[in-house]
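> The structure that follows is given in the form of structure tokens.
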Amino acid sequence: MHHELEPSASTSIIELHDHVKETLVSKFGTSLIRSQIDYDFPVFIIEKNAVHDILSFLKNDEGMKYDFLTTMCGIHYPENKGEEFALMYQLHNMQKNHRIRIKTFMSTADINMPTITDIWLTANWMEREAFDFYGFKFSGHPDLRRILNMDEMNYHPMRKEYALEDAGRDDKADKYFGR
Amino acid sequence: MITSVDIRSEHQPAGLEGQGFFATNLDKVVGLARANSLWPLPFATSCCGIEFMATMASHYDLSRFGMERLSFSPRQADLLMVMGTISKKMGPILRQVYEQMAEPKWVLSMGACASSGGIFDTYSVLQGIDRIIPVDVYIPGCPPRPEQVLDGILKIQELAKSEGRNRRESPEYKAMLAKYGLE
Amino acid sequence: MRGVSGNIGQTFATATEVTEQKDYSILNLGPTHPATHGIFQNVLTMDGELIVKAVPTIGYIHRAFEKLAEHRPYNQITPITDRLNYCSSPINNMGWHMTVEKLIGCEVPKRAQYLRVIIMELSRITDHIVCDTVIAVDTGAMTGFLYLFQWREKIYEIFEEICGARLTTNIGRIGGMERDFNEKAWAKLHAFMKEFPAALHEFDKLVTRNRIFIDRTMKCGAISAEKALAFGFTGPNLRAAGVDYDVRVMNPYSSYQDFEFDIPVGTNGDTYDRYMVRLEEMWQSMRIIEQAIKNMPDGKFHAEVPEFYLPPKEDVYSKMEALIYHFKIVMGETDVPKGEVYHSVEGGNGELGFYLISDGGRTPYRLHFRRPCYIYYQAYSSMIEGGMLSDAILTMSSMNVIAGELDA
């Protein structure tokens with residue numbers, strides 16, 4: 001079966017942002033903390049506990065139909081006290097060619113999230129990567145273990161407090177590398 | 001009519017020649033045979049692997065040098081060509097492949113990543129395969145052009161040609177292996 | 001009918017109805033394996049030749065690109081993007097440059113955009129040559145590989161004329177191209193456009209309707225469109241499953257809207273469809289390059305962004321401002337505006353996205369690569385379970401898994 005997609009004449013980004021914002025506010029109230037437009041993406045900052053419900057709604061609701069999860073990743077903001085970790089999800093409605101970004105913040109003390117692998121199969125490895133790099137624990141994930149780094153590694157390397165270079169290397173003198 | 005004067009062999013080892021025979025050192029004959037019939041094991045991990053594919057293809061043709069038959073099984077290979085970045089996760093596997101090869105064996109490190117970690121001075125990349133296995137020839141480049149790869153292979157052939165037959169049993173070689181923790 | 005590999009396995013399982021305990025064997029496929037083109041491991045639980053369960057392990061070439069990018073200034077990240085999908089490095093380079101241009105709000109002149117399109121389509125051809133010839137090699141046909149790799153050398157020569165490098169090109173600059181195409185580059189490009197169609201036709205005739213090839217690849221590793229979308233497939237793998245999603249058409253960049261080209265779409269999502277989609281895409285890429293050459297606009301080949309684009313040497317030697325810009329660009333001390341931007345391009349394997357957060361400093365605060373290989377390789381184990389081992393090899397090579405993009 002062929003799926004015909006038409007790149008629609010672009011609804012202006014502001015209209016898209018307003019439409020999604022209204023819908024989310026009417027259905028989820030204060031779970032939508034704030035929203036903005038970054039370059040050409042409407043961005044919606046939502047509460048951590050509402051992520052699963054909101055994403056499920058955005059995928060399945062007839063008026064939304066964001067059925068493609070383009071990407072997700074973790075971000076570490078060590079200076080934002082109380083909101084050090086963030087997760088970013090990017091959704092794509094292929095039929096209408098609408099893209100939006102969902103972000104959620106959490107503090108270092110509580111980086112547990114419900115998994116969204118039941119909504120999109122593709123989130124499986126994306127969440128494993130976020131766990132491997134930052135340490136997010138996705139409850140309900142079928143197989144949450146490290147994916148890119150060695151299994152024996154005992155820290156989460158993308159966090160800002162860890163250095164890029166291997167601490168034990170002895171063949172490169174830092175003074176020649178400007179470090 | 002072709003007389004013996006018309007046909008000359010180049011790069012012939014020094015020896016005694018006569019009607020229908022040629023006598024030279026056994027080492028030199030063995031060296032010639034080894035050098036021109038190496039079976040490489042292409043341990044290709046990343047971008048250098050694609051340049052190796054270009055070297056193996058018809059334009060730069062690796063089989064001119066006797067390397068027509070690539071061996072992916074270490075048990076049957078002579079030359080371990082490590083092409084590409086080796087991460088710390090891959091290190092034990094590289095070591096196991098090296099240990100599975102039988103003597104005499106040579107190791108060629110192709111590219112900056114295999115020689116020293118390359119541009120990836122990171123926590124997950126092994127800064128050079130000579131941290132875990134002994135290397136005979138390093139080919140710098142990122143990735144090296146096929147001409148550079150052929151140059152490196154010619155150097156390996158020089159090594160294979162001039163190596164004494166007892167080198168692998170000598171105490172210096174064994175001491176070098178012991179330094180790497182191999183026996 | 002011979003060669004309907006998936007179905008034969010099913011028939012045996014029901015016909016024999018073995019009641020005693022099955023004795024499964026474990027086979028370790030990789031990470032070093034001649035037929036896995038790249039280093040990733042699959043531990044297969046086999047029932048004879050049938051694969052019952054596959055557990056993939058990746059990360060054997062994890063080079064920490066995302067962490068590395070946080071410590072390198074913006075123009076030094078281009079060589080890192082080279083090494084993502086290294087079979088088509090120019091596409092990665094251009095995608096990164098476009099992301100930064102979006103961040104700083106720079107509009108690139110039309111000529112530079114058309115030059116970029118030519119380079120991107122040439123590198124798409126190189127990527128698809130690798131994939132299609134390697135599918136043929138895995139079925140036992142070495143000839144196509146040897147024939148078509150000659151043509152990759154010709155494309156490499158064109159890249160060398162433009163940027164000096166063959167494989168990891170670091171081509172283009174933030175703001176446009178570093179130099180215009182010179183006479184020799186145009187000559188080589190014209191020669192390539194004249195001679196490549198015959199070679200591609202030859203490969204086509206050798207492989208596409210070859211009885212053995214069709215028997216081996218049809219119905220091998222099939223995936224439905226719904227499942228492919230659920231797994232986040234993009235690119236030729238998704239188009240082979242029947243969904244015509246192409247970033248060049250959906251979210252056009254670099255003047256792709258000016259060009260007329262078709263998007264080939266398959267029906268079954270099996271290996272044969274993936275092979276055919278890539279083959280047809282090579283023809284469409286040739287079409288795009290022809291149109292770009294014909295309609296090439298005149299003008300500058302770079303935008304006026306002196307903070308990011310090296311000023312000409314005469315100015316550096318004579319004017320103070322140019323000297324300072326030159327110094328700052330080379331030392332990587334240029335500060336970039338704050339912002340959060342996502343830009344995607346149609347890479348050889350699908351939607352290659354760059355999510356960039358800048359905090360105003362000289363290096364990105366966070367750079368995340370949306371790597372198509374990483375995302376669609378998740379589906380590999382479900383695609384091969386229930387099939388034969390030889391089909392698993394073909395499925396892997398037809399999905400064009402590039403280890404650099406998989407692990408980053």
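Lettering and numbering for the structure tokens are positional, with chains as A, B, ... in the shown order, residues counted from 1 in each chain, and ligands counted from 1 in the shown order.
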Check every residue of chain A for an atom within 10 Å of chain C, counting only C-alpha atoms, and provide those that qualify as JSON, numbers by chain.
{"A": [1, 2, 3, 4, 5, 6, 7, 8, 10, 37, 38, 39, 40, 41, 67, 68, 69, 70, 71, 72, 73, 74, 75, 76, 77, 88, 90, 94, 95, 96, 97, 98, 101, 119, 120, 121, 122, 123, 124, 125, 126, 133, 146, 147, 148, 149, 150, 157, 158, 159, 160, 162, 163, 164, 165]}
> Output C-alpha atoms for every residue in that selection, as an mmCIF file, in the first residue's frame.

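As a result, result11.cif now contains:
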```cif
data_model
loop_
_atom_site.group_PDB
_atom_site.id
_atom_site.type_symbol
_atom_site.label_atom_id
_atom_site.label_comp_id
_atom_site.auth_asym_id
_atom_site.auth_seq_id
_atom_site.Cartn_x
_atom_site.Cartn_y
_atom_site.Cartn_z
ATOM 1 C CA MET A 1 0.000 0.000 0.000
ATOM 2 C CA HIS A 2 1.447 3.341 -0.957
ATOM 3 C CA HIS A 3 1.245 6.172 1.494
ATOM 4 C CA GLU A 4 0.873 9.364 -0.409
ATOM 5 C CA LEU A 5 2.342 12.328 1.348
ATOM 6 C CA GLU A 6 1.924 15.853 0.151
ATOM 7 C CA PRO A 7 4.226 18.553 1.375
ATOM 8 C CA SER A 8 1.486 20.964 2.285
ATOM 9 C CA SER A 10 3.237 25.537 5.139
ATOM 10 C CA ILE A 37 9.017 29.402 18.915
ATOM 11 C CA ASP A 38 12.692 28.630 18.290
ATOM 12 C CA TYR A 39 13.645 29.492 14.694
ATOM 13 C CA ASP A 40 11.114 27.327 12.789
ATOM 14 C CA PHE A 41 9.990 25.001 15.579
ATOM 15 C CA ASP A 67 2.866 9.828 14.323
ATOM 16 C CA PHE A 68 6.597 10.028 13.667
ATOM 17 C CA LEU A 69 9.167 10.489 16.406
ATOM 18 C CA THR A 70 12.064 12.096 14.600
ATOM 19 C CA THR A 71 14.532 12.113 17.471
ATOM 20 C CA MET A 72 14.956 12.505 21.195
ATOM 21 C CA CYS A 73 17.971 13.332 23.268
ATOM 22 C CA GLY A 74 19.066 14.335 26.742
ATOM 23 C CA ILE A 75 20.642 17.656 27.693
ATOM 24 C CA HIS A 76 22.555 18.615 30.836
ATOM 25 C CA TYR A 77 22.321 22.154 32.208
ATOM 26 C CA MET A 88 13.914 16.805 24.111
ATOM 27 C CA GLN A 90 10.868 16.031 18.206
ATOM 28 C CA MET A 94 4.057 13.591 8.024
ATOM 29 C CA GLN A 95 0.652 13.998 6.447
ATOM 30 C CA LYS A 96 0.538 17.737 7.101
ATOM 31 C CA ASN A 97 4.305 18.274 7.396
ATOM 32 C CA HIS A 98 4.169 19.834 10.853
ATOM 33 C CA ARG A 101 9.497 20.000 19.796
ATOM 34 C CA ILE A 119 3.979 4.743 21.886
ATOM 35 C CA TRP A 120 6.791 4.599 19.326
ATOM 36 C CA LEU A 121 8.935 1.515 18.763
ATOM 37 C CA THR A 122 11.787 3.745 17.657
ATOM 38 C CA ALA A 123 12.183 5.205 21.154
ATOM 39 C CA ASN A 124 13.798 1.978 22.359
ATOM 40 C CA TRP A 125 17.348 2.736 21.343
ATOM 41 C CA MET A 126 16.915 6.486 21.681
ATOM 42 C CA PHE A 133 25.034 9.265 28.139
ATOM 43 C CA ARG A 146 24.179 0.765 27.898
ATOM 44 C CA ILE A 147 24.313 0.761 24.167
ATOM 45 C CA LEU A 148 27.285 2.689 22.824
ATOM 46 C CA ASN A 149 29.740 2.679 25.701
ATOM 47 C CA MET A 150 31.319 -0.317 27.332
ATOM 48 C CA PRO A 157 30.093 10.447 30.089
ATOM 49 C CA MET A 158 28.049 13.196 28.448
ATOM 50 C CA ARG A 159 27.458 14.943 31.760
ATOM 51 C CA LYS A 160 29.286 18.219 31.820
ATOM 52 C CA TYR A 162 33.332 14.690 32.996
ATOM 53 C CA ALA A 163 36.242 15.449 30.710
ATOM 54 C CA LEU A 164 36.340 14.556 27.055
ATOM 55 C CA GLU A 165 39.757 12.960 27.155
#
```
> Which residues in chain A does DSSP call alpha helix (DSSP H)? List them as a VMD selection string.
chain A and resid 13 to 28 51 to 60 123 to 134
> Mind dumping the selected residues with C-alpha atoms as a tab-separated table (two decimals), in the first residue's frame?

```tsv
chain	number	residue	atom	x	y	z
A	13	ILE	CA	4.56	28.39	12.28
A	14	ILE	CA	2.74	30.81	14.57
A	15	GLU	CA	-0.66	29.36	13.69
A	16	LEU	CA	0.67	25.87	14.31
A	17	HIS	CA	2.12	26.94	17.66
A	18	ASP	CA	-1.12	28.57	18.75
A	19	HIS	CA	-3.26	25.64	17.66
A	20	VAL	CA	-1.17	23.06	19.50
A	21	LYS	CA	-0.87	25.28	22.56
A	22	GLU	CA	-4.63	25.78	22.79
A	23	THR	CA	-5.27	22.07	22.42
A	24	LEU	CA	-2.71	21.12	25.04
A	25	VAL	CA	-3.92	23.73	27.51
A	26	SER	CA	-7.52	22.70	27.11
A	27	LYS	CA	-6.72	19.01	27.60
A	28	PHE	CA	-3.84	19.09	30.06
A	51	VAL	CA	5.14	13.47	29.21
A	52	HIS	CA	3.76	10.03	28.52
A	53	ASP	CA	0.13	11.16	28.40
A	54	ILE	CA	0.82	14.23	26.30
A	55	LEU	CA	2.99	12.36	23.80
A	56	SER	CA	0.42	9.61	23.53
A	57	PHE	CA	-2.26	12.20	22.91
A	58	LEU	CA	-0.16	13.96	20.31
A	59	LYS	CA	0.35	10.72	18.46
A	60	ASN	CA	-3.13	9.29	18.54
A	123	ALA	CA	12.18	5.21	21.15
A	124	ASN	CA	13.80	1.98	22.36
A	125	TRP	CA	17.35	2.74	21.34
A	126	MET	CA	16.92	6.49	21.68
A	127	GLU	CA	16.14	6.02	25.38
A	128	ARG	CA	19.04	3.62	25.79
A	129	GLU	CA	21.33	6.26	24.36
A	130	ALA	CA	19.95	8.87	26.77
A	131	PHE	CA	20.50	6.44	29.64
A	132	ASP	CA	24.02	5.63	28.49
A	133	PHE	CA	25.03	9.27	28.14
A	134	TYR	CA	23.19	10.92	31.02
```
> Residues of chain C within 8 Å of chain B, counting only C-alpha atoms, what are they? List them as a ChimeraX atom specification.
/C:32-34,38-39,59-64,68,83,86-87,145-147,149-150,153,167-168,403-404
> Between A:Arg169, A:Lys175, A:His156, A:Lys103, single out the one closest to chain B, counting only C-alpha atoms.
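Looking only at the distances to chain B, the closest residue turns out to be A:Arg169.
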> Just how far from CA of Pro90 (chain C) is CA of Met120 (chain C), in Å to one decimal?
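Atom-to-atom, CA of Met120 (chain C) and CA of Pro90 (chain C) are spaced 6.0 Å apart.
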> Can you tell me, as a ChimeraX atom specification, what residues are no more than 8 Å from Ile289 (chain C) when counting only C-alpha atoms, ignoring any on the same chain fewer than 4 positions away?
/C:117-118,121-122,285,293
> How far is it from CA of Leu189 (chain C) to CA of Gly235 (chain C), in Å with one decimal?
25.9 Å
